[in-house]
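> So that you have it, the file is query-v5.cif, and it contains mmCIF, C-alpha atoms:
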```
data_input
loop_
_atom_site.label_atom_id
_atom_site.label_comp_id
_atom_site.auth_asym_id
_atom_site.auth_seq_id
_atom_site.Cartn_x
_atom_site.Cartn_y
_atom_site.Cartn_z
CA MET N 7 -14.47 -30.78 16.62
CA ARG N 8 -13.34 -28.81 13.61
CA PHE N 9 -15.69 -27.05 11.27
CA ARG N 10 -14.60 -25.23 8.15
CA PHE N 11 -16.54 -22.36 6.63
CA ALA N 12 -16.36 -19.97 3.73
CA VAL N 13 -17.68 -16.45 4.13
CA ASP N 14 -18.43 -14.70 0.84
CA VAL N 15 -18.56 -10.93 1.28
CA MET N 16 -20.07 -8.80 -1.49
CA PRO N 17 -20.87 -5.11 -1.94
CA ARG N 18 -24.56 -4.64 -1.22
CA ASP N 19 -26.93 -4.35 -4.17
CA GLY N 20 -27.28 -0.78 -5.31
CA ILE N 21 -23.92 0.21 -3.85
CA LEU N 22 -21.43 1.30 -6.48
CA ASP N 23 -18.64 -1.25 -6.81
CA PRO N 24 -15.58 0.49 -8.31
CA ALA N 25 -13.56 -2.75 -8.40
CA GLY N 26 -16.30 -4.45 -10.42
CA ARG N 27 -16.49 -1.46 -12.71
CA ALA N 28 -12.72 -1.49 -13.27
CA VAL N 29 -12.78 -5.18 -14.19
CA GLU N 30 -15.71 -4.56 -16.51
CA ALA N 31 -13.85 -1.76 -18.24
CA ALA N 32 -11.13 -4.20 -19.32
CA LEU N 33 -13.52 -6.74 -20.85
CA PRO N 34 -13.59 -5.28 -24.39
CA GLN N 35 -9.83 -5.90 -24.61
CA LEU N 36 -10.56 -9.57 -23.89
CA HIS N 37 -13.21 -9.64 -26.63
CA ALA N 38 -15.71 -10.41 -23.88
CA SER N 39 -18.19 -7.70 -24.79
CA ASN N 40 -21.04 -10.08 -24.02
CA VAL N 41 -20.05 -10.01 -20.31
CA HIS N 42 -21.37 -7.36 -17.98
CA THR N 43 -22.64 -6.56 -14.45
CA VAL N 44 -19.34 -7.54 -12.82
CA ARG N 45 -19.18 -7.30 -9.05
CA VAL N 46 -16.08 -8.00 -6.97
CA GLY N 47 -16.19 -9.29 -3.42
CA ARG N 48 -13.93 -11.44 -1.28
CA ARG N 49 -14.00 -14.91 0.19
CA VAL N 50 -12.70 -15.73 3.64
CA GLU N 51 -12.21 -19.38 4.60
CA LEU N 52 -11.70 -20.36 8.23
CA THR N 53 -11.72 -23.31 10.60
CA VAL N 54 -13.56 -23.16 13.93
CA GLU N 55 -12.92 -25.46 16.88
CA ALA N 56 -16.27 -26.00 18.61
CA ASP N 57 -18.42 -28.61 20.36
CA SER N 58 -21.17 -28.48 17.78
CA ALA N 59 -21.84 -27.36 14.23
CA GLU N 60 -24.39 -24.93 15.60
CA GLY N 61 -21.89 -23.36 18.01
CA ALA N 62 -19.31 -23.08 15.24
CA ARG N 63 -21.85 -21.43 12.99
CA GLN N 64 -22.74 -18.87 15.68
CA THR N 65 -19.08 -17.96 16.01
CA VAL N 66 -18.81 -17.34 12.28
CA ASP N 67 -22.08 -15.40 12.20
CA ALA N 68 -20.75 -13.04 14.84
CA LEU N 69 -17.35 -12.67 13.17
CA ALA N 70 -18.91 -11.94 9.80
CA ALA N 71 -21.18 -9.21 11.14
CA ASP N 72 -18.58 -7.61 13.40
CA PHE N 73 -15.35 -7.98 11.45
CA LEU N 74 -15.28 -9.77 8.10
CA ALA N 75 -17.91 -7.52 6.52
CA ASN N 76 -19.07 -3.97 7.09
CA PRO N 77 -22.86 -4.40 7.32
CA LEU N 78 -23.44 -0.81 6.15
CA VAL N 79 -22.13 -1.50 2.66
CA GLU N 80 -21.53 -5.24 2.41
CA SER N 81 -23.63 -8.40 2.58
CA TRP N 82 -22.32 -11.90 3.20
CA GLU N 83 -23.16 -15.55 2.93
CA ILE N 84 -21.74 -18.32 5.07
CA GLU N 85 -21.21 -21.77 3.69
CA ALA N 86 -20.01 -24.90 5.52
CA ILE N 87 -17.26 -26.49 3.48
CA GLY N 88 -15.34 -29.70 3.99
CA GLY N 89 -11.67 -30.04 4.89
CA MET O 26 0.92 19.45 26.26
CA LYS O 27 1.56 16.06 24.75
CA VAL O 28 -0.02 14.40 21.73
CA ALA O 29 0.25 10.64 21.23
CA VAL O 30 0.67 9.57 17.60
CA VAL O 31 -0.32 5.91 17.29
CA VAL O 32 1.92 3.75 15.12
CA PHE O 33 0.24 0.73 13.55
CA PRO O 34 2.19 -1.75 11.44
CA GLY O 35 1.89 -0.01 8.08
CA SER O 36 1.44 3.55 9.35
CA ASN O 37 3.56 5.84 7.19
CA CYS O 38 2.61 9.37 8.20
CA ASP O 39 3.33 8.93 11.92
CA ARG O 40 6.59 10.86 11.98
CA ASP O 41 5.18 13.59 9.74
CA ALA O 42 2.24 13.96 12.12
CA ALA O 43 4.56 14.11 15.14
CA HIS O 44 6.68 16.75 13.35
CA ALA O 45 3.59 18.85 12.63
CA VAL O 46 2.48 18.57 16.27
CA ARG O 47 5.89 19.88 17.37
CA LEU O 48 5.65 22.72 14.86
CA ALA O 49 2.30 23.57 16.42
CA GLY O 50 3.98 23.84 19.80
CA ALA O 51 3.26 20.59 21.62
CA GLU O 52 5.27 17.54 22.53
CA ALA O 53 4.64 14.45 20.41
CA GLU O 54 5.17 10.81 21.34
CA LEU O 55 4.96 7.87 18.96
CA VAL O 56 2.93 5.10 20.61
CA TRP O 57 3.18 1.55 19.22
CA HIS O 58 -0.24 -0.02 18.64
CA GLU O 59 0.45 -2.93 21.00
CA ARG O 60 0.66 -0.62 23.97
CA THR O 61 -2.40 -0.37 26.17
CA GLU O 62 -2.02 3.19 27.46
CA LEU O 63 -1.39 6.56 25.86
CA GLY O 64 1.57 7.56 28.02
CA GLY O 65 -0.30 10.40 29.68
CA ALA O 66 -0.98 12.17 26.39
CA ASP O 67 -3.57 14.95 26.28
CA ALA O 68 -4.70 14.13 22.73
CA VAL O 69 -4.34 11.33 20.19
CA ILE O 70 -3.64 11.31 16.47
CA LEU O 71 -4.27 8.22 14.36
CA PRO O 72 -2.01 8.88 11.37
CA GLY O 73 -2.17 8.00 7.70
CA GLY O 74 -0.79 4.86 6.12
CA PHE O 75 -1.96 1.33 5.56
CA ALA O 76 -2.47 -0.13 9.03
CA HIS O 77 -2.19 -3.92 8.97
CA GLY O 78 -1.84 -3.70 5.20
CA ASP O 79 -5.43 -2.43 4.86
CA TYR O 80 -6.39 -6.10 4.56
CA LEU O 81 -10.10 -6.95 4.76
CA ARG O 82 -11.00 -3.24 4.65
CA ALA O 83 -8.96 -0.17 5.51
CA GLY O 84 -9.01 0.17 9.29
CA ALA O 85 -10.89 -3.09 9.92
CA ILE O 86 -8.00 -4.86 11.65
CA ALA O 87 -6.49 -1.76 13.29
CA ARG O 88 -9.76 -1.31 15.13
CA PHE O 89 -8.80 -4.36 17.21
CA SER O 90 -5.23 -3.25 17.98
CA PRO O 91 -4.62 -3.22 21.77
CA ILE O 92 -4.12 0.57 21.86
CA MET O 93 -7.64 1.16 20.56
CA ALA O 94 -9.22 0.42 23.95
CA ALA O 95 -7.20 3.31 25.39
CA VAL O 96 -8.14 5.54 22.44
CA ARG O 97 -11.81 4.72 23.00
CA GLU O 98 -11.55 5.47 26.74
CA HIS O 99 -9.80 8.75 25.97
CA ALA O 100 -12.61 9.68 23.55
CA ASP O 101 -15.29 8.63 26.03
CA ARG O 102 -13.75 10.97 28.61
CA GLY O 103 -14.03 13.82 26.12
CA GLY O 104 -10.37 13.76 25.08
CA LEU O 105 -9.46 14.96 21.58
CA VAL O 106 -8.83 12.38 18.86
CA LEU O 107 -7.83 13.29 15.30
CA GLY O 108 -7.79 10.65 12.57
CA ILE O 109 -5.98 11.53 9.36
CA CYS O 110 -6.66 9.50 6.19
CA ASN O 111 -6.09 5.89 7.33
CA GLY O 112 -6.71 7.14 10.86
CA PHE O 113 -10.13 8.40 9.74
CA GLN O 114 -10.82 4.96 8.28
CA VAL O 115 -9.83 3.33 11.57
CA LEU O 116 -12.15 5.64 13.53
CA THR O 117 -15.14 4.83 11.32
CA GLU O 118 -14.45 1.09 11.53
CA ALA O 119 -14.17 1.43 15.32
CA GLY O 120 -17.52 3.19 15.44
CA LEU O 121 -15.97 6.31 16.97
CA LEU O 122 -17.05 8.27 13.89
CA PRO O 123 -20.10 7.69 11.67
CA GLY O 124 -19.88 6.53 8.07
CA VAL O 125 -17.77 4.40 5.77
CA LEU O 126 -14.82 5.34 3.56
CA ARG O 127 -15.46 3.40 0.39
CA ARG O 128 -13.26 2.86 -2.63
CA ASN O 129 -12.84 6.00 -4.70
CA THR O 130 -15.49 6.10 -7.40
CA THR O 131 -12.81 7.41 -9.79
CA LEU O 132 -11.37 3.85 -9.93
CA ARG O 133 -7.95 5.12 -8.91
CA PHE O 134 -5.70 5.94 -6.04
CA GLU O 135 -5.94 9.74 -5.82
CA ASN O 136 -2.72 11.51 -4.96
CA ARG O 137 -3.10 15.24 -5.39
CA TRP O 138 -3.84 18.63 -3.89
CA VAL O 139 -7.38 19.49 -2.92
CA ARG O 140 -9.09 22.51 -1.40
CA LEU O 141 -11.31 22.30 1.65
CA SER O 142 -14.06 24.53 2.88
CA VAL O 143 -14.28 24.63 6.66
CA GLU O 144 -17.93 24.17 7.55
CA ARG O 145 -17.46 24.58 11.28
CA ARG O 146 -14.93 26.97 12.81
CA ASP O 147 -16.06 26.36 16.39
CA THR O 148 -14.50 22.92 16.80
CA PRO O 149 -11.30 22.09 18.70
CA PHE O 150 -9.80 21.18 15.32
CA THR O 151 -10.72 24.27 13.28
CA HIS O 152 -10.99 27.30 15.54
CA ALA O 153 -7.59 28.57 14.36
CA VAL O 154 -8.81 28.86 10.75
CA PRO O 155 -9.62 32.47 9.77
CA ALA O 156 -13.19 33.12 8.61
CA GLY O 157 -13.74 32.44 4.92
CA MET O 158 -10.40 30.74 4.40
CA THR O 159 -10.27 27.51 2.42
CA LEU O 160 -7.47 25.06 3.15
CA ARG O 161 -5.12 23.60 0.57
CA MET O 162 -3.92 20.12 1.49
CA PRO O 163 -2.84 16.95 -0.27
CA ILE O 164 -4.75 13.69 -0.38
CA ALA O 165 -3.32 10.23 -1.05
CA HIS O 166 -5.87 7.45 -0.77
CA GLY O 167 -7.69 4.70 -2.63
CA GLU O 168 -10.60 4.42 -0.20
CA GLY O 169 -11.83 7.88 0.65
CA ALA O 170 -15.36 8.15 -0.67
CA TYR O 171 -17.39 9.11 2.38
CA TRP O 172 -20.65 7.21 2.46
CA LEU O 173 -23.70 7.01 4.70
CA PRO O 174 -27.34 6.23 3.90
CA GLU O 175 -29.17 9.42 2.83
CA ALA O 176 -31.26 9.71 6.00
CA ASP O 177 -28.15 9.41 8.17
CA LEU O 178 -26.41 12.04 6.03
CA ASP O 179 -29.29 14.43 6.68
CA ARG O 180 -28.95 13.84 10.41
CA LEU O 181 -25.18 14.30 10.21
CA GLU O 182 -25.62 17.64 8.47
CA ALA O 183 -28.39 18.74 10.83
CA SER O 184 -26.23 18.07 13.87
CA GLY O 185 -23.35 20.04 12.38
CA GLN O 186 -20.96 17.12 12.21
CA VAL O 187 -19.67 17.87 8.71
CA VAL O 188 -16.49 19.87 9.30
CA PHE O 189 -14.62 19.78 5.98
CA ARG O 190 -15.91 19.62 2.41
CA TYR O 191 -14.04 19.40 -0.88
CA ALA O 192 -14.41 22.76 -2.60
CA GLY O 193 -13.08 24.96 -5.35
CA PRO O 194 -11.91 24.07 -8.85
CA GLU O 195 -10.05 21.00 -7.57
CA GLY O 196 -13.46 19.52 -6.84
CA ASN O 197 -14.45 16.26 -5.22
CA PRO O 198 -11.56 13.84 -5.80
CA ASN O 199 -13.09 10.55 -4.72
CA GLY O 200 -16.87 10.56 -5.06
CA ALA O 201 -17.54 11.35 -1.40
CA LEU O 202 -21.24 11.96 -0.81
CA ARG O 203 -22.04 15.66 -0.41
CA GLU O 204 -18.33 16.44 -0.90
CA ILE O 205 -17.64 15.37 2.67
CA ALA O 206 -13.91 15.34 3.50
CA GLY O 207 -14.07 15.34 7.29
CA VAL O 208 -16.57 14.86 10.12
CA THR O 209 -16.75 14.83 13.91
CA ASN O 210 -18.65 12.65 16.32
CA GLU O 211 -21.78 14.07 17.96
CA ARG O 212 -19.87 15.29 20.98
CA GLY O 213 -17.35 17.06 18.75
CA ASN O 214 -14.18 15.69 20.35
CA VAL O 215 -13.34 13.09 17.71
CA CYS O 216 -12.57 14.27 14.19
CA GLY O 217 -11.49 12.48 11.03
CA LEU O 218 -10.51 13.78 7.62
CA MET O 219 -9.10 12.22 4.47
CA PRO O 220 -6.71 15.09 3.48
CA HIS O 221 -3.34 15.34 5.21
CA PRO O 222 -2.85 18.47 7.37
CA GLU O 223 0.61 17.22 8.41
CA ARG O 224 1.72 17.16 4.78
CA ALA O 225 0.74 20.81 4.50
CA SER O 226 2.37 22.11 7.65
CA GLU O 227 5.30 24.09 6.22
CA ALA O 228 5.48 26.48 3.28
CA LEU O 229 8.32 24.37 1.91
CA LEU O 230 5.84 21.53 1.39
CA GLY O 231 3.66 23.71 -0.83
CA SER O 232 1.20 24.79 1.84
CA ASP O 233 1.12 25.37 5.56
CA ASP O 234 -2.67 25.49 5.79
CA GLY O 235 -2.72 22.15 7.59
CA LEU O 236 -0.76 23.62 10.46
CA LEU O 237 -3.91 25.56 11.36
CA VAL O 238 -5.60 22.27 12.20
CA MET O 239 -2.65 21.14 14.31
CA ARG O 240 -2.47 24.53 16.02
CA ALA O 241 -6.18 24.45 16.78
CA LEU O 242 -5.75 21.02 18.37
CA VAL O 243 -2.77 22.11 20.48
CA GLU O 244 -4.39 25.40 21.52
CA SER O 245 -7.55 23.53 22.53
CA LEU O 246 -5.45 21.43 24.87
CA ALA O 247 -3.83 24.48 26.38
CA THR O 248 -7.23 26.05 27.01
CA ALA O 249 -9.10 22.99 28.23
CA GLY O 250 -6.35 21.00 29.88
CA ALA O 251 -6.29 17.23 29.78
CA PRO O 252 -9.56 15.36 30.16
CA ALA O 253 -10.26 14.14 33.69
#
```
Once more with this new file: its structure as structure tokens, please.


Amino acid sequence: MRFRFAVDVMPRDGILDPAGRAVEAALPQLHASNVHTVRVGRRVELTVEADSAEGARQTVDALAADFLANPLVESWEIEAIGG
Amino acid sequence: MKVAVVVFPGSNCDRDAAHAVRLAGAEAELVWHERTELGGADAVILPGGFAHGDYLRAGAIARFSPIMAAVREHADRGGLVLGICNGFQVLTEAGLLPGVLRRNTTLRFENRWVRLSVERRDTPFTHAVPAGMTLRMPIAHGEGAYWLPEADLDRLEASGQVVFRYAGPEGNPNGALREIAGVTNERGNVCGLMPHPERASEALLGSDDGLLVMRALVESLATAGAPA
């Protein structure tokens, strides 16, 4: 069976996020001075071939912790998505 | 004496590193990342560049290149491994060195000369540096801010693993914690630094201070011989 997931990786709270800060610095030029606390992460979508949803989920859990994110400085959330 | 310089797709300082190794008096061989052995090399350099496009995180994909199993075995046997810039990032991702190289806090790619204090002159990578000398070398990176949790930093310092620090009027170019520019593993046989010794290996390049690092590496091999 095929299972599709999205893994959202974000800089951990309290860790300086230079990409978020750079985006934030441009906001006044967009007259968006009411927008702040920007943080930039990345989203990885993938399809897993597995016998069960649980098995597929375990595969993604392991990949996220070992490869897609660096647990020292990043956190992540896994979401099952259709398609 | 032979030094293997690993070439990942996206490495761009491999030939410079090999040239510097030859200037330091050893043979250098470029080793493609898909190989699974180091060709009998006595030491390994992971060079600068953008291995696998730096996608995901710098070094994150290179860590799984086939050659890395041989690099890890070499390190486990006590063999010398030097990671320069992107190579340093690969070594931290691979867990062969502690820490993370995060995006520069300056919000830019930093491409300039820096000055380094040498905190340890008794390592295989620094013993050729005269006492009190600081090293002038270039940096060129977007992700070079050394980071570890505070308690781990204290342990790193206590065990003498901080080898290079940004110093002098050039200052800390990237927001690295405690000005850390280069570290070793606990055993002291694996070293990584963000500045480029190979780009400072001839006076013509503006500095030959980096050649001292290459010479130290090569002389260590001559003294110790290859790891068993």

> For segment 20-37 of chain N, work out the shell of residues within 6 Å, counting all atoms listed in the file and skipping chain neighbours fewer than 3 positions away, then give it as a VMD selection string.

(chain N and resid 44 to 46) or (chain O and resid 130 132)

> Could you state which residues are captured by the PyMOL selection byres ((chain N and resi 11) around 10) in this file, as a list of chain:residue names?

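This file gives the following for the PyMOL selection byres ((chain N and resi 11) around 10): N:Phe9, N:Arg10, N:Ala12, N:Val13, N:Asp14, N:Val50, N:Glu51, N:Leu52, N:Thr53, N:Val54, N:Ala62, N:Arg63, N:Val66, N:Ile84, N:Glu85, N:Ala86, N:Ile87, N:Gly88, N:Gly89.
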
> Using the selection just defined, write its residues with C-alpha atoms as a short mmCIF file (atom, residue, chain, number, x, y, z; two decimals), in the frame of the given file.


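Saved the output as out-v8.cif:
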```
data_model
loop_
_atom_site.label_atom_id
_atom_site.label_comp_id
_atom_site.auth_asym_id
_atom_site.auth_seq_id
_atom_site.Cartn_x
_atom_site.Cartn_y
_atom_site.Cartn_z
CA PHE N 9 -15.69 -27.05 11.27
CA ARG N 10 -14.60 -25.23 8.15
CA ALA N 12 -16.36 -19.97 3.73
CA VAL N 13 -17.68 -16.45 4.13
CA ASP N 14 -18.43 -14.70 0.84
CA VAL N 50 -12.70 -15.73 3.64
CA GLU N 51 -12.21 -19.38 4.60
CA LEU N 52 -11.70 -20.36 8.23
CA THR N 53 -11.72 -23.31 10.60
CA VAL N 54 -13.56 -23.16 13.93
CA ALA N 62 -19.31 -23.08 15.24
CA ARG N 63 -21.85 -21.43 12.99
CA VAL N 66 -18.81 -17.34 12.28
CA ILE N 84 -21.74 -18.32 5.07
CA GLU N 85 -21.21 -21.77 3.69
CA ALA N 86 -20.01 -24.90 5.52
CA ILE N 87 -17.26 -26.49 3.48
CA GLY N 88 -15.34 -29.70 3.99
CA GLY N 89 -11.67 -30.04 4.89
#
```

> Check which residues satisfy the PyMOL selection byres ((chain O) within 9 of (chain N)) in the file shown, then give them as a ChimeraX atom specification.

/O:81-82,85-86,118,124-125,127-133,172-174

> Quick check, in Å to one decimal: how far apart do atom CA of Leu160 of chain O and atom CA of Leu246 of chain O lie?

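Here the two named atoms are 22.1 Å from each other.
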
> So which residues get picked by the PyMOL selection byres ((chain O and resi 36) around 6) here, written as a ChimeraX atom specification?

/O:32-35,37,73-76

> Please list as a list in words every residue within 8 Å of Ala83 of chain O, counting only C-alpha atoms and excluding residues in the same chain fewer than 5 positions away.

Phe75, Ala76, Gly78, Asn111, Gln114, Val115 and Glu168 of chain O

> Output C-alpha atoms for every residue in the selection just made, as a PDB file, in the frame of the given file.


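Saved file selection22.pdb follows:
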```pdb
ATOM      1  CA  PHE O  75      -1.960   1.330   5.560  1.00  0.00           C
ATOM      2  CA  ALA O  76      -2.470  -0.130   9.030  1.00  0.00           C
ATOM      3  CA  GLY O  78      -1.840  -3.700   5.200  1.00  0.00           C
ATOM      4  CA  ASN O 111      -6.090   5.890   7.330  1.00  0.00           C
ATOM      5  CA  GLN O 114     -10.820   4.960   8.280  1.00  0.00           C
ATOM      6  CA  VAL O 115      -9.830   3.330  11.570  1.00  0.00           C
ATOM      7  CA  GLU O 168     -10.600   4.420  -0.200  1.00  0.00           C
TER       8      GLU O 168
END
```

> Could you tell me how far atom CA of Arg97 of chain O lies from atom CA of Trp57 of chain O, in Å and to one decimal?

15.8 Å

> List the spatial neighbours of Leu122 of chain O as number ranges by chain - criterion: any atom at most 12 Å away, all atoms listed in the file, same-chain residues fewer than 6 positions off excluded.

O: 97, 100, 106-108, 112-116, 171, 173, 181, 186-187, 207-218
